[in-house]
Each structure stands twice: as structure tokens, then as C-alpha cells.
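Asker: Input structure: work-v6.csv, which contains CSV, C-alpha atoms.
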```csv
chain,number,residue,atom,x,y,z
Q,14,MET,CA,97.5,65.7,52.5
Q,15,VAL,CA,97.3,63.5,55.6
Q,16,SER,CA,94.1,61.5,56.0
Q,17,GLN,CA,92.0,62.1,59.0
Q,18,GLY,CA,92.5,59.5,61.8
Q,19,LEU,CA,95.9,58.3,60.4
Q,20,GLU,CA,99.0,58.6,62.4
Q,21,GLN,CA,101.6,60.7,60.6
Q,22,THR,CA,105.0,59.2,60.5
Q,23,ILE,CA,108.3,60.8,59.5
Q,24,VAL,CA,111.5,58.8,59.1
Q,25,ARG,CA,114.1,60.6,61.2
Q,26,ASP,CA,117.7,59.8,61.9
Q,27,PRO,CA,117.9,58.8,65.6
Q,28,ALA,CA,121.2,60.7,65.8
Q,29,LEU,CA,119.2,63.9,65.7
Q,30,PHE,CA,118.2,63.3,69.3
Q,31,TYR,CA,121.8,63.1,70.5
Q,32,TRP,CA,123.4,65.7,68.2
Q,33,ILE,CA,120.7,68.5,68.2
Q,34,LEU,CA,118.2,68.1,71.1
Q,35,ILE,CA,120.6,67.2,73.9
Q,36,PRO,CA,123.3,69.8,72.8
Q,37,ILE,CA,120.8,72.6,72.6
Q,38,SER,CA,119.5,71.8,76.1
Q,39,ILE,CA,122.9,71.5,77.6
Q,40,VAL,CA,124.1,74.8,76.0
Q,41,MET,CA,120.9,76.6,77.3
Q,42,ILE,CA,121.5,75.3,80.9
Q,43,LEU,CA,125.2,76.2,80.9
Q,44,THR,CA,124.5,79.6,79.4
Q,45,GLY,CA,121.9,80.3,82.1
Q,46,ILE,CA,124.4,79.3,84.8
Q,47,LEU,CA,127.2,81.5,83.3
Q,48,ARG,CA,124.7,84.4,82.9
Q,49,HIS,CA,123.8,84.1,86.6
Q,50,TYR,CA,127.4,84.3,87.8
Q,51,ALA,CA,128.4,87.0,85.3
Q,52,THR,CA,125.4,89.1,86.5
Q,53,VAL,CA,126.4,88.6,90.1
Q,54,LEU,CA,130.0,89.7,89.4
Q,55,MET,CA,128.9,92.7,87.3
Q,56,ASN,CA,126.0,93.7,89.5
Q,57,THR,CA,126.5,97.0,91.4
Q,58,PRO,CA,124.6,96.9,94.8
Q,59,PRO,CA,122.2,99.9,95.1
Q,60,LYS,CA,123.4,102.6,97.4
Q,61,PRO,CA,121.6,103.0,100.7
Q,62,PRO,CA,119.8,106.2,101.5
Q,63,SER,CA,122.1,109.0,102.6
Q,64,THR,CA,119.7,110.8,104.9
Q,65,LEU,CA,116.8,109.9,107.1
Q,66,ALA,CA,114.4,111.8,104.9
Q,67,GLU,CA,115.5,109.8,101.8
Q,68,SER,CA,115.1,106.6,103.7
Q,69,ARG,CA,111.6,107.7,104.9
Q,70,GLU,CA,110.6,108.5,101.3
Q,71,ARG,CA,111.7,105.1,100.0
Q,72,LEU,CA,110.1,103.0,102.8
Q,73,SER,CA,106.8,104.9,102.9
Q,74,ILE,CA,105.8,103.7,99.5
Q,75,LEU,CA,106.5,100.1,100.6
Q,76,ARG,CA,104.2,100.6,103.5
Q,77,GLY,CA,101.3,101.1,101.1
Q,78,VAL,CA,102.3,98.1,99.0
Q,79,ASN,CA,102.6,95.9,102.1
Q,80,LEU,CA,99.2,97.1,103.3
Q,81,ARG,CA,97.6,96.2,100.0
Q,82,ASN,CA,99.2,92.8,99.8
Q,83,ASN,CA,99.0,91.7,103.5
Q,84,ALA,CA,95.9,93.5,104.8
Q,85,SER,CA,93.8,90.3,104.7
Q,86,ALA,CA,96.2,88.6,107.2
Q,87,VAL,CA,95.2,89.5,110.7
Q,88,LEU,CA,94.1,93.2,110.6
Q,89,THR,CA,90.7,94.1,112.0
Q,90,LYS,CA,88.5,96.5,110.1
Q,91,GLU,CA,89.3,99.3,112.5
Q,92,ALA,CA,93.0,98.8,112.3
Q,93,PHE,CA,92.9,98.5,108.5
Q,94,GLU,CA,90.8,101.7,108.1
Q,95,ALA,CA,93.2,103.6,110.5
Q,96,ARG,CA,96.3,102.6,108.5
Q,97,LYS,CA,94.5,103.2,105.2
Q,98,ASN,CA,93.3,106.7,106.0
Q,99,TYR,CA,96.6,107.7,107.4
Q,100,LEU,CA,98.6,106.6,104.4
Q,101,VAL,CA,96.1,108.0,101.8
Q,102,SER,CA,96.2,111.4,103.6
Q,103,ALA,CA,100.0,111.4,103.8
Q,104,TYR,CA,100.4,110.4,100.2
Q,105,GLN,CA,98.0,113.0,98.9
Q,106,ASN,CA,99.6,115.8,101.1
Q,107,GLY,CA,103.2,114.8,100.3
Q,108,GLU,CA,104.2,114.3,103.9
Q,109,PHE,CA,106.7,111.6,103.1
Q,110,LEU,CA,108.6,113.6,100.4
Q,111,LYS,CA,112.2,114.4,101.3
Q,112,ASP,CA,111.9,117.7,99.4
Q,113,PRO,CA,108.3,118.9,99.8
Q,114,GLU,CA,109.2,122.3,98.3
Q,115,ASN,CA,109.9,120.6,94.9
Q,116,ARG,CA,106.5,119.0,94.8
Q,117,GLY,CA,104.8,119.5,91.4
Q,118,GLN,CA,108.0,120.2,89.6
Q,119,ALA,CA,109.4,118.0,86.8
Q,120,PRO,CA,111.8,115.3,88.1
Q,121,ALA,CA,115.5,115.9,87.6
Q,122,ASN,CA,117.2,114.6,84.5
Q,123,PRO,CA,118.7,111.3,85.3
Q,124,MET,CA,121.5,112.0,82.9
Q,125,THR,CA,122.8,114.7,85.2
Q,126,ASP,CA,122.4,112.7,88.4
Q,127,PRO,CA,125.3,110.4,89.2
Q,128,ALA,CA,123.0,108.0,91.1
Q,129,GLY,CA,120.6,107.9,88.2
Q,130,MET,CA,123.4,107.3,85.7
Q,131,GLU,CA,124.7,104.4,87.8
Q,132,ALA,CA,121.2,102.9,88.0
Q,133,MET,CA,120.7,103.2,84.3
Q,134,MET,CA,124.1,101.5,83.7
Q,135,GLY,CA,123.0,98.7,86.0
Q,136,MET,CA,119.8,98.2,84.0
Q,137,MET,CA,121.7,98.3,80.7
Q,138,LYS,CA,124.2,95.7,81.9
Q,139,GLY,CA,121.3,93.4,83.0
Q,140,ASN,CA,119.6,93.8,79.6
Q,141,MET,CA,122.9,93.0,77.8
Q,142,MET,CA,123.5,89.9,79.9
Q,143,MET,CA,120.1,88.7,78.7
Q,144,MET,CA,120.2,89.8,75.1
Q,145,ILE,CA,123.7,88.9,74.0
Q,146,PRO,CA,123.7,85.2,75.1
Q,147,GLN,CA,120.3,84.6,73.5
Q,148,THR,CA,121.3,86.3,70.3
Q,149,LEU,CA,124.4,84.1,70.0
Q,150,ILE,CA,122.5,80.9,70.7
Q,151,MET,CA,119.8,81.7,68.2
Q,152,SER,CA,122.5,82.5,65.6
Q,153,TRP,CA,124.3,79.2,66.4
Q,154,ILE,CA,121.0,77.2,66.0
Q,155,ASN,CA,120.1,79.0,62.8
Q,156,ALA,CA,123.6,78.3,61.3
Q,157,PHE,CA,123.9,74.6,62.2
Q,158,PHE,CA,120.5,73.2,63.0
Q,159,SER,CA,118.0,75.1,60.9
Q,160,GLY,CA,115.3,73.1,59.3
Q,161,PHE,CA,115.5,69.9,61.4
Q,162,VAL,CA,112.5,68.2,63.0
Q,163,ILE,CA,113.9,66.6,66.2
Q,164,LEU,CA,111.0,65.2,68.2
Q,165,LYS,CA,107.3,64.5,68.4
Q,166,LEU,CA,105.3,65.4,71.5
Q,167,PRO,CA,103.3,62.5,73.0
Q,168,PHE,CA,100.1,64.4,73.5
Q,169,PRO,CA,97.7,66.1,71.0
Q,170,LEU,CA,97.7,69.8,70.4
Q,171,THR,CA,95.5,72.3,68.5
Q,172,ILE,CA,96.6,73.9,65.3
Q,173,ARG,CA,97.2,77.2,67.2
Q,174,PHE,CA,100.5,75.7,68.5
Q,175,LYS,CA,101.8,75.1,65.0
Q,176,SER,CA,103.6,78.4,64.6
Q,177,MET,CA,105.2,78.1,68.1
Q,178,LEU,CA,106.4,74.5,67.7
Q,179,GLN,CA,107.5,74.5,64.0
Q,180,SER,CA,109.5,77.6,63.6
Q,181,GLY,CA,111.7,77.3,60.5
Q,182,VAL,CA,110.0,74.2,59.1
Q,183,MET,CA,106.3,75.1,59.3
Q,184,THR,CA,104.4,73.4,56.5
Q,185,ARG,CA,100.7,73.0,55.9
Q,186,ASP,CA,100.5,69.2,56.2
Q,187,LEU,CA,103.0,68.6,59.1
Q,188,ASP,CA,101.4,67.4,62.3
Q,189,VAL,CA,101.4,70.1,64.9
Q,190,ARG,CA,103.1,67.7,67.5
Q,191,TRP,CA,106.4,67.7,65.6
Q,192,VAL,CA,108.9,70.2,67.1
Q,193,SER,CA,111.7,71.9,65.1
Q,194,SER,CA,115.1,72.7,66.5
Q,195,LEU,CA,114.5,76.5,66.6
Q,196,SER,CA,111.2,75.9,68.5
Q,197,TRP,CA,113.0,73.6,70.9
Q,198,TYR,CA,115.2,76.6,71.8
Q,199,PHE,CA,112.2,78.7,72.6
Q,200,LEU,CA,110.7,75.9,74.7
Q,201,ASN,CA,113.9,75.7,76.7
Q,202,LEU,CA,114.0,79.4,77.1
Q,203,PHE,CA,110.8,79.4,79.0
Q,204,GLY,CA,110.8,75.9,80.4
Q,205,LEU,CA,114.2,75.7,82.1
Q,206,GLN,CA,113.3,78.1,84.9
Q,207,SER,CA,112.6,75.3,87.4
Q,208,VAL,CA,116.0,73.8,86.5
Q,209,PHE,CA,117.7,77.0,87.2
Q,210,GLY,CA,115.8,77.3,90.4
Q,211,PHE,CA,116.9,73.9,91.5
Q,212,ILE,CA,120.6,74.5,90.6
Q,213,LEU,CA,121.0,78.2,91.5
Q,214,GLY,CA,118.2,78.8,93.9
Q,215,SER,CA,114.9,80.7,93.5
Q,216,ASP,CA,116.6,84.1,93.5
Q,217,ASN,CA,118.8,83.7,90.5
Q,218,ALA,CA,119.8,85.9,87.5
Q,219,ALA,CA,119.3,83.1,85.0
Q,220,ASN,CA,115.6,83.4,85.2
Q,221,HIS,CA,114.9,86.4,82.9
Q,222,MET,CA,111.2,86.3,83.5
Q,223,SER,CA,111.6,86.9,87.3
Q,224,GLN,CA,114.0,89.7,86.5
Q,225,GLN,CA,111.4,91.4,84.3
Q,226,MET,CA,108.8,91.0,87.0
Q,227,SER,CA,111.0,92.2,89.8
Q,228,SER,CA,111.7,95.4,87.8
Q,229,MET,CA,108.0,96.1,87.8
Q,230,ASN,CA,107.5,95.3,91.5
Q,231,PRO,CA,108.1,98.4,93.8
Q,232,ALA,CA,109.2,96.2,96.7
Q,233,ALA,CA,111.8,94.3,94.7
Q,234,GLY,CA,114.7,96.6,95.2
Q,235,VAL,CA,116.2,98.8,97.9
Q,236,ASN,CA,115.2,101.9,96.0
Q,237,PRO,CA,111.7,101.6,94.5
Q,238,PHE,CA,112.1,104.9,92.6
Q,239,GLN,CA,113.7,104.4,89.2
Q,240,PRO,CA,115.8,107.2,87.6
Q,241,GLY,CA,113.6,110.0,86.3
Q,242,GLN,CA,110.5,109.0,88.3
Q,243,ASP,CA,108.6,111.5,90.3
Q,244,PRO,CA,108.0,110.1,93.9
Q,245,ASP,CA,104.9,112.3,94.3
Q,246,LYS,CA,103.2,110.7,91.3
Q,247,LEU,CA,103.9,107.2,92.7
Q,248,TYR,CA,102.4,108.4,96.0
Q,249,GLN,CA,99.3,109.6,94.3
Q,250,SER,CA,98.9,106.3,92.4
Q,251,GLU,CA,99.4,104.3,95.6
Q,252,ALA,CA,96.8,106.5,97.3
Q,253,GLU,CA,94.3,105.7,94.6
Q,254,ASN,CA,95.0,102.0,94.9
Q,255,LEU,CA,94.4,102.1,98.7
Q,256,GLU,CA,91.2,104.2,98.4
Q,257,VAL,CA,89.5,101.4,96.4
Q,258,LEU,CA,90.8,98.6,98.6
Q,259,GLU,CA,88.1,96.9,100.7
Q,260,HIS,CA,88.8,95.2,104.0
Q,261,PHE,CA,88.8,91.5,104.1
Q,262,CYS,CA,90.3,89.4,106.9
Q,263,ILE,CA,90.9,85.7,106.8
Q,264,LEU,CA,90.0,85.5,110.5
Q,265,ASP,CA,86.4,86.6,109.9
Q,266,GLY,CA,84.0,83.8,110.8
Q,267,ILE,CA,86.8,81.5,111.9
Q,268,GLU,CA,84.9,80.3,114.9
Q,269,ASP,CA,82.0,79.1,112.7
Q,270,ARG,CA,84.4,77.4,110.3
Q,271,ILE,CA,86.2,75.6,113.0
Q,272,LEU,CA,83.0,74.4,114.6
Q,273,HIS,CA,81.7,73.3,111.2
Q,274,ASN,CA,84.8,71.2,110.6
Q,275,ILE,CA,85.1,69.5,114.0
Q,276,ALA,CA,81.4,69.2,115.0
Q,277,PRO,CA,80.6,66.2,112.8
Q,278,LYS,CA,83.5,64.2,114.4
Q,279,TYR,CA,81.8,64.5,117.8
Q,280,GLY,CA,78.2,64.1,116.6
Q,281,TYR,CA,77.1,67.7,116.9
Q,282,THR,CA,75.1,69.6,114.4
Q,283,PHE,CA,74.5,73.3,114.0
```
Would you mind writing the structure in this file as C-alpha cells?
Answerer:
Amino acid sequence: MVSQGLEQTIVRDPALFYWILIPISIVMILTGILRHYATVLMNTPPKPPSTLAESRERLSILRGVNLRNNASAVLTKEAFEARKNYLVSAYQNGEFLKDPENRGQAPANPMTDPAGMEAMMGMMKGNMMMMIPQTLIMSWINAFFSGFVILKLPFPLTIRFKSMLQSGVMTRDLDVRWVSSLSWYFLNLFGLQSVFGFILGSDNAANHMSQQMSSMNPAAGVNPFQPGQDPDKLYQSEAENLEVLEHFCILDGIEDRILHNIAPKYGYTF
């Protein structure tokens, strides 16, 4: 057992820093760059809407999303209420559907729709581009670098971080600040996003977290409706979101805020 208040010291070979830590970091960066360009080459751009009704169906859901996200910019209460009431009524009545006669029916099977099949193949290729490289890197680290403790963090941590930082070498008495080789892989997996953003730009395919978030954001793609989704259900859900939305404008009371900030400079009080 380690005595309380004593600094725990482990004799390590300094070569571990050059032969394990640096190679893992370099391989992770190069893998992310290759994954980005491979995804760009394999990516199939989404097809634009073929008819005006289909374009209207796609863009109408984005109008509700934009109203929720940007209503607090400059809209007055009257303008906000007018847009909100119009969109809620249109969503509930199905006015934006390209096929209103099919409202209430089960969505078409995406396996029988060529467009749906193409979208599903694109999602599958994206998942494979994330899973295959990470699986290979984890296997490489487990085969050659398993069981190594490679560095010690310079700041204290609680015991809850022990399982995250000491995967593969976790022992009861080891200080939580020591990091294993496998845990260094996980730290790089989530900590290199800013590096990829600097090298490849903010909109890159190496950032797997942004890819997952964009798949959940309706405004992320050209077609917000995924294969097998019912547009009418999305409209009803967006109508509920708008109904509970309250108006707030950043320009409310701006005159008083400006006077409050500049009045003391000229000796005025309110």
C-alpha cells in the first residue's frame, strides 16, 4: 500500500515515451487524416429534390428548426407569434406534405426505394470508415503495447478516473495519475478533434463526434428525412416544439442597457 501524502514513483524506461506514446499519437493523427480523405472520396452527394413539392417538404421542416434556433435574434413578439402560428397550423394540417393523400399511412420500406437504399449505403460506408480503423488500431496496441504505463499526469485526479486512465494495467495501489498505453489511445480518440480541425478544417470527416451529432441534426444535410421516416410525424413533433416555445428577443430593453453602460462615463445616473 502507498502511504498517504507520499509521492508514488515508478521506475520507467525513458524509451517508452519515444516508442509508445509518440507512435500512438502519430498513427492516430495519420489515421484521422486518411479517414477524412477516404470518406470524401467514397461519399455520395445527396440527390437534390426532383420536384417542387419534394423541395417544399424538405425545406419546411428547416423553417421550424431555424425559427426555434434564431427566434431570439431580432424578431418582435408579433412577428414571432405570426410565424409560429402559421407553421404550427401547417404542420398539424399536413400542408407541406408532397403526398397529402398518403398521410397517416405507414412509410414506404426503404429496402424497396432506390433513394433509401443509396442513403443507407452511405450511412453504412460512413460507419465502416469509423469502425474499421479504430478496430485495427486497438488490435495493434493490444498486440504490441499492452500492459505498459507510459506517462504520469501533472495534476491530481479523483479515483473515478482510474478505470479510464489505466485500462489494461489497473491495479489497486497504482496512483490514478499514471496513464496506460491503451488509455492513451482513448484519450487521443477524443482529444485530437482540435488537431483535426486545425489541419483539415472544422468540417472534416475525421471528427467522428461531429459526424454523430450532425446525423441527429435535421438541418445538417440536404435531406432531413432519413430512409423509412414519416415526414408527417416529424412535422407533428416540430409543431409540439414550437407550441411550447416562448418569445425572447435580445433587443428587449436594449435602450436601458446602453444608457446604463454609457451613462457613468458622462456623469449621469438613472
Asker: For Asn106 of chain Q, work out the shell of residues within 10 Å, counting only C-alpha atoms and skipping chain neighbours fewer than 5 positions away, then give it as number ranges by chain.
Answerer: Q: 100-101, 113, 116, 245, 248-249
Asker: Please provide the set of residues having any atom within 12 Å of Ala66 of chain Q, restricted to only C-alpha atoms, with same-chain residues fewer than 4 positions apart removed, written as a tab-separated table (two decimals) with C-alpha atoms, keeping the file's coordinate frame.
Answerer:
```
chain	number	residue	atom	x	y	z
Q	62	PRO	CA	119.80	106.20	101.50
Q	70	GLU	CA	110.60	108.50	101.30
Q	71	ARG	CA	111.70	105.10	100.00
Q	72	LEU	CA	110.10	103.00	102.80
Q	73	SER	CA	106.80	104.90	102.90
Q	108	GLU	CA	104.20	114.30	103.90
Q	109	PHE	CA	106.70	111.60	103.10
Q	110	LEU	CA	108.60	113.60	100.40
Q	111	LYS	CA	112.20	114.40	101.30
Q	112	ASP	CA	111.90	117.70	99.40
Q	113	PRO	CA	108.30	118.90	99.80
```
Asker: I'd like the interatomic distance between atom CA of Gly214 of chain Q and atom CA of Thr148 of chain Q, to a tenth of an Å.
Answerer: 25.0 Å
Asker: Report, in Å to a single decimal, how far apart atom CA of Leu88 of chain Q and atom CA of Ser102 of chain Q are.
Answerer: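 Between these atoms lies a distance of 19.6 Å.
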Asker: Q:Ile267, Q:Ile145, Q:Ala156, Q:Leu178: which is nearest Tyr198 of chain Q, counting all atoms listed in the file?
Answerer: Q:Leu178
Asker: So, with all atoms listed in the file as the atoms that count, which of Q:Thr171, Q:Ser38, Q:Thr52, Q:Thr22 lies closest to Gly204 of chain Q?
Answerer: Q:Ser38
Asker: Could you tell me how far atom CA of Leu75 of chain Q sits from atom CA of Phe261 of chain Q, in Å to one decimal place?
Answerer: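 Interatomic distance here is 20.0 Å.
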Asker: Of the candidates Q:Ile212, Q:Leu258, Q:Leu202, Q:Ala28, which shows the shortest atom-to-atom distance to Met143 of chain Q, using all atoms listed in the file?
Answerer: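 Using all atoms listed in the file, the shortest distance to Met143 of chain Q belongs to Q:Leu202.
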Asker: Find, counting all atoms listed in the file, the residue in Q:Val24, Q:Ser193, Q:Pro244, Q:Arg81 that gets nearest to Phe161 of chain Q.
Answerer: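 Closest to Phe161 of chain Q, using all atoms listed in the file: Q:Ser193.
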Asker: May I ask which of the residues Q:Ile163, Q:Leu65, Q:Leu255, Q:Met177 is the closest one to Leu80 of chain Q, counting only C-alpha atoms?
Answerer: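 Closest candidate: Q:Leu255.
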Asker: With only C-alpha atoms as the atoms that count, which of Q:Gly139, Q:Pro277, Q:Gly160, Q:Pro237 lies nearest to Ile33 of chain Q?
Answerer: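 Smallest distance to Ile33 of chain Q is found for Q:Gly160.
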Asker: Can you list, as a CSV table (one decimal) with C-alpha atoms, in the coordinates of the input, every protein, DNA or RNA residue that comes within 10 Å of Ile172 of chain Q when you count all atoms listed in the file, leaving out same-chain residues fewer than 4 positions away?
Answerer:
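Everything below was put into part-v6.csv:
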```
chain,number,residue,atom,x,y,z
Q,176,SER,CA,103.6,78.4,64.6
Q,177,MET,CA,105.2,78.1,68.1
Q,188,ASP,CA,101.4,67.4,62.3
Q,189,VAL,CA,101.4,70.1,64.9
Q,190,ARG,CA,103.1,67.7,67.5
```
Asker: Could you list, as a compact mmCIF listing (two decimals) with C-alpha atoms, in the frame of the given file, every residue within 10 Å of His260 of chain Q, counting all atoms listed in the file and ignoring same-chain residues fewer than 5 positions away?
Answerer:
```txt
# COMPACT_ATOMS: atom_id res chain seq x y z
CA ARG Q 81 97.60 96.20 100.00
CA ALA Q 84 95.90 93.50 104.80
CA SER Q 85 93.80 90.30 104.70
CA LEU Q 88 94.10 93.20 110.60
CA THR Q 89 90.70 94.10 112.00
CA LYS Q 90 88.50 96.50 110.10
CA GLU Q 91 89.30 99.30 112.50
CA ALA Q 92 93.00 98.80 112.30
CA PHE Q 93 92.90 98.50 108.50
CA GLU Q 94 90.80 101.70 108.10
CA LYS Q 97 94.50 103.20 105.20
```
Asker: Would you fill out segment 60-71 of chain Q with all heavy atoms and return it as a PDB file, keeping the file's coordinate frame?
Answerer:
```pdb
ATOM      1  N   LYS Q  60     122.902 101.866  96.238  1.00  0.00           N
ATOM      2  CA  LYS Q  60     123.400 102.600  97.400  1.00  0.00           C
ATOM      3  C   LYS Q  60     122.275 102.843  98.395  1.00  0.00           C
ATOM      4  O   LYS Q  60     121.136 103.108  98.040  1.00  0.00           O
ATOM      5  CB  LYS Q  60     123.884 104.008  96.877  1.00  0.00           C
ATOM      6  CG  LYS Q  60     125.143 103.939  96.020  1.00  0.00           C
ATOM      7  CD  LYS Q  60     125.628 105.327  95.657  1.00  0.00           C
ATOM      8  CE  LYS Q  60     126.922 105.254  94.847  1.00  0.00           C
ATOM      9  NZ  LYS Q  60     127.419 106.611  94.478  1.00  0.00           N
ATOM     10  N   PRO Q  61     122.613 102.710  99.663  1.00  0.00           N
ATOM     11  CA  PRO Q  61     121.600 103.000 100.700  1.00  0.00           C
ATOM     12  C   PRO Q  61     121.270 104.442 100.766  1.00  0.00           C
ATOM     13  O   PRO Q  61     122.025 105.289 100.277  1.00  0.00           O
ATOM     14  CB  PRO Q  61     122.293 102.474 101.980  1.00  0.00           C
ATOM     15  CG  PRO Q  61     123.750 102.606 101.698  1.00  0.00           C
ATOM     16  CD  PRO Q  61     123.913 102.321 100.229  1.00  0.00           C
ATOM     17  N   PRO Q  62     120.147 104.780 101.358  1.00  0.00           N
ATOM     18  CA  PRO Q  62     119.800 106.200 101.500  1.00  0.00           C
ATOM     19  C   PRO Q  62     120.824 106.953 102.315  1.00  0.00           C
ATOM     20  O   PRO Q  62     121.333 106.453 103.317  1.00  0.00           O
ATOM     21  CB  PRO Q  62     118.417 106.171 102.155  1.00  0.00           C
ATOM     22  CG  PRO Q  62     118.330 104.827 102.797  1.00  0.00           C
ATOM     23  CD  PRO Q  62     119.126 103.907 101.932  1.00  0.00           C
ATOM     24  N   SER Q  63     121.109 108.169 101.880  1.00  0.00           N
ATOM     25  CA  SER Q  63     122.100 109.000 102.600  1.00  0.00           C
ATOM     26  C   SER Q  63     121.595 109.742 103.740  1.00  0.00           C
ATOM     27  O   SER Q  63     122.353 110.099 104.634  1.00  0.00           O
ATOM     28  CB  SER Q  63     122.774 109.940 101.550  1.00  0.00           C
ATOM     29  OG  SER Q  63     121.777 110.764 100.948  1.00  0.00           O
ATOM     30  N   THR Q  64     120.292 110.015 103.768  1.00  0.00           N
ATOM     31  CA  THR Q  64     119.700 110.800 104.900  1.00  0.00           C
ATOM     32  C   THR Q  64     118.459 110.052 105.367  1.00  0.00           C
ATOM     33  O   THR Q  64     117.907 109.163 104.695  1.00  0.00           O
ATOM     34  CB  THR Q  64     119.312 112.196 104.396  1.00  0.00           C
ATOM     35  OG1 THR Q  64     118.346 112.108 103.338  1.00  0.00           O
ATOM     36  CG2 THR Q  64     120.550 112.952 103.904  1.00  0.00           C
ATOM     37  N   LEU Q  65     118.010 110.451 106.549  1.00  0.00           N
ATOM     38  CA  LEU Q  65     116.800 109.900 107.100  1.00  0.00           C
ATOM     39  C   LEU Q  65     115.573 110.230 106.268  1.00  0.00           C
ATOM     40  O   LEU Q  65     114.645 109.419 106.125  1.00  0.00           O
ATOM     41  CB  LEU Q  65     116.605 110.356 108.550  1.00  0.00           C
ATOM     42  CG  LEU Q  65     117.611 109.825 109.579  1.00  0.00           C
ATOM     43  CD1 LEU Q  65     117.333 110.443 110.947  1.00  0.00           C
ATOM     44  CD2 LEU Q  65     117.530 108.300 109.677  1.00  0.00           C
ATOM     45  N   ALA Q  66     115.564 111.441 105.711  1.00  0.00           N
ATOM     46  CA  ALA Q  66     114.400 111.800 104.900  1.00  0.00           C
ATOM     47  C   ALA Q  66     114.343 111.000 103.609  1.00  0.00           C
ATOM     48  O   ALA Q  66     113.251 110.607 103.181  1.00  0.00           O
ATOM     49  CB  ALA Q  66     114.567 113.330 104.514  1.00  0.00           C
ATOM     50  N   GLU Q  67     115.476 110.679 103.016  1.00  0.00           N
ATOM     51  CA  GLU Q  67     115.500 109.800 101.800  1.00  0.00           C
ATOM     52  C   GLU Q  67     115.043 108.408 102.173  1.00  0.00           C
ATOM     53  O   GLU Q  67     114.302 107.766 101.414  1.00  0.00           O
ATOM     54  CB  GLU Q  67     116.860 109.820 101.195  1.00  0.00           C
ATOM     55  CG  GLU Q  67     116.932 109.042  99.887  1.00  0.00           C
ATOM     56  CD  GLU Q  67     118.317 109.095  99.260  1.00  0.00           C
ATOM     57  OE1 GLU Q  67     119.201 109.774  99.844  1.00  0.00           O
ATOM     58  OE2 GLU Q  67     118.513 108.453  98.214  1.00  0.00           O
ATOM     59  N   SER Q  68     115.489 107.895 103.304  1.00  0.00           N
ATOM     60  CA  SER Q  68     115.100 106.600 103.700  1.00  0.00           C
ATOM     61  C   SER Q  68     113.570 106.530 103.998  1.00  0.00           C
ATOM     62  O   SER Q  68     112.880 105.572 103.636  1.00  0.00           O
ATOM     63  CB  SER Q  68     115.840 106.160 104.988  1.00  0.00           C
ATOM     64  OG  SER Q  68     115.404 104.912 105.474  1.00  0.00           O
ATOM     65  N   ARG Q  69     113.056 107.581 104.607  1.00  0.00           N
ATOM     66  CA  ARG Q  69     111.600 107.700 104.900  1.00  0.00           C
ATOM     67  C   ARG Q  69     110.823 107.721 103.585  1.00  0.00           C
ATOM     68  O   ARG Q  69     109.752 107.113 103.467  1.00  0.00           O
ATOM     69  CB  ARG Q  69     111.331 108.894 105.743  1.00  0.00           C
ATOM     70  CG  ARG Q  69     109.886 109.048 106.212  1.00  0.00           C
ATOM     71  CD  ARG Q  69     109.829 110.108 107.276  1.00  0.00           C
ATOM     72  NE  ARG Q  69     108.479 110.313 107.768  1.00  0.00           N
ATOM     73  CZ  ARG Q  69     107.699 111.336 107.424  1.00  0.00           C
ATOM     74  NH1 ARG Q  69     108.167 112.270 106.598  1.00  0.00           N
ATOM     75  NH2 ARG Q  69     106.487 111.453 107.913  1.00  0.00           N
ATOM     76  N   GLU Q  70     111.337 108.432 102.603  1.00  0.00           N
ATOM     77  CA  GLU Q  70     110.600 108.500 101.300  1.00  0.00           C
ATOM     78  C   GLU Q  70     110.567 107.196 100.623  1.00  0.00           C
ATOM     79  O   GLU Q  70     109.551 106.847 100.017  1.00  0.00           O
ATOM     80  CB  GLU Q  70     111.372 109.559 100.443  1.00  0.00           C
ATOM     81  CG  GLU Q  70     110.697 109.815  99.105  1.00  0.00           C
ATOM     82  CD  GLU Q  70     111.493 110.773  98.247  1.00  0.00           C
ATOM     83  OE1 GLU Q  70     112.661 110.435  97.921  1.00  0.00           O
ATOM     84  OE2 GLU Q  70     110.968 111.849  97.900  1.00  0.00           O
ATOM     85  N   ARG Q  71     111.654 106.423 100.692  1.00  0.00           N
ATOM     86  CA  ARG Q  71     111.700 105.100 100.000  1.00  0.00           C
ATOM     87  C   ARG Q  71     110.749 104.120 100.749  1.00  0.00           C
ATOM     88  O   ARG Q  71     109.979 103.393 100.109  1.00  0.00           O
ATOM     89  CB  ARG Q  71     113.088 104.559 100.011  1.00  0.00           C
ATOM     90  CG  ARG Q  71     114.059 105.339  99.142  1.00  0.00           C
ATOM     91  CD  ARG Q  71     115.410 104.638  99.123  1.00  0.00           C
ATOM     92  NE  ARG Q  71     116.424 105.379  98.383  1.00  0.00           N
ATOM     93  CZ  ARG Q  71     117.660 104.957  98.165  1.00  0.00           C
ATOM     94  NH1 ARG Q  71     118.036 103.771  98.653  1.00  0.00           N
ATOM     95  NH2 ARG Q  71     118.528 105.685  97.482  1.00  0.00           N
TER      96      ARG Q  71
END
```
